[in-house]
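The file data38.txt comes next; it holds compact mmCIF, C-alpha atoms.
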# COMPACT_ATOMS: atom_id res chain seq x y z
CA MET E 8 0.00 0.00 0.00
CA ASN E 9 1.38 3.42 -0.95
CA ALA E 10 1.68 6.26 1.57
CA ARG E 11 -1.22 8.31 0.20
CA THR E 12 -3.68 5.41 0.32
CA TYR E 13 -2.36 4.23 3.68
CA PHE E 14 -2.77 7.53 5.51
CA LYS E 15 -6.02 8.31 3.72
CA SER E 16 -7.48 5.01 4.97
CA LEU E 17 -6.36 5.70 8.54
CA SER E 18 -7.77 9.23 8.41
CA VAL E 19 -11.13 7.95 7.14
CA LEU E 20 -11.17 5.42 9.98
CA VAL E 21 -10.58 8.10 12.63
CA ILE E 22 -13.24 10.36 11.08
CA ALA E 23 -15.72 7.47 10.95
CA ILE E 24 -15.18 6.73 14.64
CA SER E 25 -15.71 10.40 15.49
CA ILE E 26 -18.98 10.42 13.53
CA VAL E 27 -20.15 7.28 15.33
CA ILE E 28 -19.40 8.93 18.69
CA GLY E 29 -21.34 12.06 17.70
CA LEU E 30 -24.34 10.12 16.40
CA GLY E 31 -24.27 7.88 19.46
CA ALA E 32 -24.36 10.88 21.78
CA ILE E 33 -27.27 12.42 19.83
CA PHE E 34 -29.20 9.14 19.91
CA LEU E 35 -28.75 8.78 23.66
CA ILE E 36 -29.81 12.36 24.33
CA GLU E 37 -32.89 11.87 22.15
CA ARG E 38 -33.85 8.86 24.29
CA ILE E 39 -33.29 10.64 27.60
CA VAL E 40 -35.21 13.82 26.78
CA PRO E 41 -38.52 12.10 25.80
CA ALA E 42 -38.38 10.02 29.00
CA ILE E 43 -38.12 13.15 31.13
CA ASP E 44 -40.67 14.97 28.97
CA GLY E 45 -43.12 12.09 29.46
CA ILE E 46 -42.88 12.51 33.23
CA LEU E 47 -43.80 16.19 33.01
CA GLN E 48 -46.50 16.09 30.33
CA GLU E 49 -48.43 12.90 31.11
CA ASN E 50 -48.53 11.79 34.72
CA ALA E 51 -47.96 15.22 36.27
CA TYR E 52 -50.87 16.52 34.21
CA SER E 53 -53.19 13.87 35.70
CA VAL E 54 -51.89 14.52 39.22
CA ASN E 55 -52.66 18.23 38.86
CA ALA E 56 -56.14 17.39 37.55
CA ALA E 57 -56.79 15.12 40.55
CA VAL E 58 -55.64 17.85 42.94
CA GLY E 59 -57.98 20.29 41.19
CA MET E 60 -60.95 17.92 41.60
CA LEU E 61 -60.21 17.42 45.29
CA ASP E 62 -59.86 21.16 45.79
CA SER E 63 -63.22 21.88 44.14
CA ILE E 64 -64.90 19.31 46.42
CA SER E 65 -63.25 20.63 49.59
CA SER E 66 -64.23 24.20 48.61
CA ASN E 67 -67.86 23.20 48.13
CA VAL E 68 -68.99 24.18 51.63
CA ASN E 69 -72.03 26.29 50.78
CA ASP E 70 -74.47 26.91 47.98
CA ILE E 71 -72.82 30.23 47.04
CA ASN E 72 -69.79 28.57 45.45
CA ALA E 73 -71.49 25.36 44.37
CA GLU E 74 -71.88 26.23 40.69
CA SER E 75 -68.32 27.49 40.18
CA ASN E 76 -66.91 24.52 42.08
CA ARG E 77 -68.97 22.12 39.99
CA GLU E 78 -67.73 23.68 36.76
CA ARG E 79 -64.13 23.60 37.95
CA PHE E 80 -64.50 19.95 38.98
CA TRP E 81 -65.69 18.84 35.56
CA ILE E 82 -62.99 20.86 33.81
CA GLU E 83 -60.33 19.06 35.86
CA PHE E 84 -62.13 15.75 35.37
CA LYS E 85 -62.03 16.19 31.58
CA LYS E 86 -58.30 16.87 31.76
CA ALA E 87 -57.75 13.59 33.59
CA LYS E 88 -60.10 11.65 31.30
CA ASP E 89 -58.34 12.93 28.17
CA ASN E 90 -54.95 12.00 29.60
CA ILE E 91 -55.31 8.28 30.37
CA THR E 92 -51.82 6.81 29.97
CA ILE E 93 -51.42 3.98 32.50
CA GLU E 94 -53.14 0.71 33.34
CA GLY E 95 -56.03 1.01 35.79
CA GLU E 96 -56.56 4.70 35.17
CA ALA E 97 -59.63 4.28 32.96
CA GLU E 98 -61.45 2.25 35.63
CA LEU E 99 -60.79 4.93 38.24
CA ILE E 100 -62.02 7.65 35.87
CA ASP E 101 -65.29 5.73 35.36
CA GLN E 102 -65.74 5.35 39.12
CA ILE E 103 -65.05 9.04 39.69
CA GLN E 104 -67.55 10.02 37.00
CA GLY E 105 -70.33 7.87 38.47
CA LEU E 106 -69.80 9.11 42.03
CA ALA E 107 -69.29 12.74 40.95
CA GLU E 108 -72.55 12.85 39.00
CA LEU E 109 -74.41 11.80 42.15
CA TYR E 110 -72.35 14.16 44.31
CA TRP E 111 -73.13 17.28 42.30
CA LEU E 112 -76.80 16.28 42.21
CA GLU E 113 -76.59 16.12 46.01
CA ARG E 114 -77.64 12.48 46.03
CA THR E 115 -74.59 10.96 47.70
CA THR E 116 -74.24 9.67 51.21
CA ASN E 117 -71.30 10.60 53.40
CA GLN E 118 -69.77 7.22 52.64
CA GLN E 119 -70.01 7.85 48.88
CA GLN E 120 -68.44 11.28 49.30
CA VAL E 121 -65.53 9.70 51.14
CA GLN E 122 -65.32 7.07 48.39
CA LEU E 123 -65.24 9.80 45.72
CA ALA E 124 -62.39 11.61 47.45
CA GLY E 125 -60.54 8.33 47.98
CA THR E 126 -60.89 7.33 44.32
CA ILE E 127 -59.59 10.72 43.16
CA ASN E 128 -56.70 10.38 45.59
CA GLN E 129 -55.99 6.90 44.19
CA LEU E 130 -55.88 8.39 40.70
CA ALA E 131 -53.25 10.86 41.86
CA THR E 132 -51.31 8.09 43.65
CA ILE E 133 -50.98 5.75 40.65
CA ASN E 134 -49.82 8.65 38.50
CA MET E 135 -47.20 9.66 41.07
CA GLN E 136 -46.02 6.05 41.20
CA ALA E 137 -45.76 6.05 37.41
CA MET E 138 -43.72 9.25 37.64
CA GLU E 139 -41.30 7.52 40.02
CA VAL E 140 -40.94 4.58 37.62
CA LYS E 141 -40.30 6.88 34.68
CA ASP E 142 -37.85 8.91 36.73
CA LYS E 143 -35.87 5.76 37.53
CA THR E 144 -36.02 4.77 33.87
CA ALA E 145 -34.70 8.18 32.84
CA GLN E 146 -31.89 7.89 35.39
CA THR E 147 -31.01 4.41 34.10
CA ILE E 148 -30.98 5.62 30.51
CA SER E 149 -28.89 8.63 31.52
CA LEU E 150 -26.36 6.44 33.36
CA THR E 151 -26.22 3.94 30.50
CA GLY E 152 -25.78 6.79 28.05
CA ALA E 153 -22.93 8.26 30.06
CA TRP E 154 -21.14 4.90 30.13
CA ALA E 155 -21.76 4.35 26.43
CA ILE E 156 -20.38 7.78 25.52
CA GLY E 157 -17.40 7.10 27.79
CA LEU E 158 -16.72 3.80 26.02
CA LEU E 159 -17.00 5.49 22.64
CA LEU E 160 -14.51 8.13 23.75
CA PHE E 161 -12.10 5.44 24.95
CA LEU E 162 -12.53 3.72 21.60
CA SER E 163 -11.70 6.98 19.85
CA ILE E 164 -8.58 7.37 21.99
CA GLY E 165 -7.63 3.78 21.20
CA ILE E 166 -8.02 4.43 17.48
CA GLN E 167 -5.81 7.51 17.76
CA PHE E 168 -3.11 5.51 19.55
CA PHE E 169 -3.44 2.85 16.85
CA PHE E 170 -3.11 5.55 14.19
CA ARG E 171 0.03 6.84 15.90
CA PHE E 172 1.49 3.32 16.21
CA LYS E 173 0.85 2.54 12.54
CA THR E 174 2.34 5.86 11.51
CA VAL E 175 5.49 5.17 13.51
CA SER E 176 5.84 1.60 12.25
CA ALA E 177 5.05 2.43 8.63
CA LEU E 178 6.91 5.72 8.23
CA VAL E 179 8.87 7.10 11.18
CA SER E 180 10.79 3.95 12.21
CA PRO E 181 11.76 2.97 8.61
CA LEU E 182 13.00 6.53 7.96
CA GLU E 183 15.06 6.50 11.16
CA GLU E 184 16.53 3.16 10.10
CA LEU E 185 17.39 4.53 6.66
CA LEU E 186 19.15 7.53 8.17
CA ASP E 187 21.07 5.27 10.56
CA ILE E 188 22.16 2.95 7.74
CA LEU E 189 23.30 5.85 5.57
CA ASP E 190 25.18 7.34 8.53
CA ASN E 191 26.92 4.00 9.14
CA PHE E 192 27.75 3.65 5.47
CA SER E 193 29.33 7.09 5.36
CA SER E 194 31.31 6.15 8.49
CA GLY E 195 32.77 3.07 6.83
CA ASN E 196 30.31 0.31 7.70
CA ARG E 197 29.73 -1.22 4.27
CA GLN E 198 27.95 -4.39 5.39
CA ARG E 199 24.66 -3.11 6.78
CA ARG E 200 21.70 -2.93 4.43
CA CYS E 201 18.08 -1.78 4.57
CA LEU E 202 15.62 -4.52 5.49
CA ASP E 203 12.52 -5.12 3.39
CA SER E 204 9.92 -4.38 6.08
CA ARG E 205 6.38 -5.33 5.09
CA SER E 206 4.99 -2.95 7.72
CA SER E 207 6.39 0.14 5.96
CA VAL E 208 4.65 1.92 3.12
CA LEU E 209 5.46 1.13 -0.50
CA GLU E 210 7.47 4.31 -1.07
CA ILE E 211 9.79 3.55 1.87
CA ARG E 212 10.34 0.01 0.59
CA LYS E 213 11.24 1.36 -2.86
CA ILE E 214 13.65 3.87 -1.33
CA SER E 215 15.22 1.09 0.76
CA TYR E 216 15.68 -1.03 -2.35
CA LEU E 217 17.31 1.83 -4.26
CA ILE E 218 19.61 2.69 -1.34
CA ASN E 219 20.70 -0.94 -1.06
CA LYS E 220 21.35 -1.00 -4.79
CA LEU E 221 23.39 2.21 -4.68
CA MET E 222 25.43 0.94 -1.71
CA ASP E 223 26.11 -2.35 -3.51
CA GLU E 224 27.27 -0.46 -6.60
CA ALA E 225 29.46 1.81 -4.47
CA CYS E 226 31.07 -1.20 -2.80
CA HIS E 227 31.61 -2.87 -6.19
CA LEU E 228 33.32 0.23 -7.60
CA LYS E 229 35.68 0.42 -4.61
CA ARG E 230 36.88 -3.07 -5.36
The structure in this file should be written as structure tokens.
Amino acid sequence: MNARTYFKSLSVLVIAISIVIGLGAIFLIERIVPAIDGILQENAYSVNAAVGMLDSISSNVNDINAESNRERFWIEFKKAKDNITIEGEAELIDQIQGLAELYWLERTTNQQQVQLAGTINQLATINMQAMEVKDKTAQTISLTGAWAIGLLLFLSIGIQFFFRFKTVSALVSPLEELLDILDNFSSGNRQRRCLDSRSSVLEIRKISYLINKLMDEACHLKR
């Protein structure tokens, strides 16, 4: 392999590894962000709706505020109903709707009112539990992503060391050997010759061959 092709191939390899690292980092970030975004936009939304329903019930202490509290309750209820994202949530929504319709018609017993509040509280609880699960998932993805990026960086460093090693073995070391042989030859050592190293690039091997040929011719002329 000639020098141009050799170093071009190594350069392409290093660039390819860098691209892989960059794409890997982007992919990991794109996985982490939706996980965190899901926590904020889905379960937290339902928790806030449940809190709003409970607040409208607790504020319903007299007939003066009954209408506004009723409207606020159903607004919050609709938010929760339109945001069903986890198992068991739909059943709780149906229970809340049935009890709430009786409550706002003033047809519920004290036990049913307690049941309504408890069901709404359960809705908030399962969403908060889901938030905890998603938070742990996001942390796991984040930790895994950090390790993966770290491994990719170590791989990049390894490739750079490999690039340096191949450069030294293919170009630097053969050139140092050529200079040493020529220095010895000029000092009177006529026996040493350049070795045909397969690890060096084609141009160095050609130069070594020509130097050996010239030294042989010089020795022949001296005789």
What does the distance from atom CA of Ile82 of chain E to atom CA of Glu113 of chain E come to in Å, to one decimal?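 Between atom CA of Ile82 of chain E and atom CA of Glu113 of chain E the gap works out to 18.9 Å.
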What's around Trp111 of chain E at 12 Å? Count only C-alpha atoms, leave out sequence neighbours fewer than 4 positions away in its own chain, and write the answer as a list of chain:residue names.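 Here the answer would be E:Ser63, E:Ile64, E:Asn67, E:Asp70, E:Ala73, E:Glu74, E:Ser75, E:Asn76, E:Arg77, E:Glu78, E:Arg79, E:Phe80, E:Trp81, E:Ile103, E:Gln104, E:Gly105, E:Leu106, E:Ala107, E:Thr115, E:Thr116, E:Gln119, E:Gln120, E:Leu123.
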Distance criterion (only C-alpha atoms): nearest to Val27 of chain E out of E:Ile93, E:Leu158, E:Asp142, E:Gln122: E:Leu158
Nearest to Leu217 of chain E by atom-to-atom distance, counting all atoms listed in the file, from E:Phe170, E:Lys88, E:Arg200, E:Leu112: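 Checking each candidate against Leu217 of chain E, we get E:Arg200 as the closest.
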Please compute the atom CA of Glu83 of chain E-atom CA of Lys141 of chain E distance, one decimal, in Å. 23.5 Å
Polymer residues at most 9 Å from Ile91 of chain E, all atoms listed in the file, same-chain spacing of 2 or more positions, as a PyMOL selection string: chain E and resi 49-50+53+87-89+93-94+96-97+100
Mind checking which residues fall within 12 Å of Leu162 of chain E, counting all atoms listed in the file, ignoring those fewer than 6 positions away in the same chain, and posting them as a PyMOL selection string? chain E and resi 20-21+23-25+27-28+155-156+168-169
Atom CA of Lys15 of chain E to atom CA of Gly31 of chain E: how many Å, to one decimal?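 Going from atom CA of Lys15 of chain E over to atom CA of Gly31 of chain E covers 24.1 Å.
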Which is closer to Val19 of chain E than all the others in E:Gln129, E:Gln102, E:Gln167, E:Ser215, using all atoms listed in the file?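 Among the listed residues, the smallest separation from Val19 of chain E belongs to E:Gln167.
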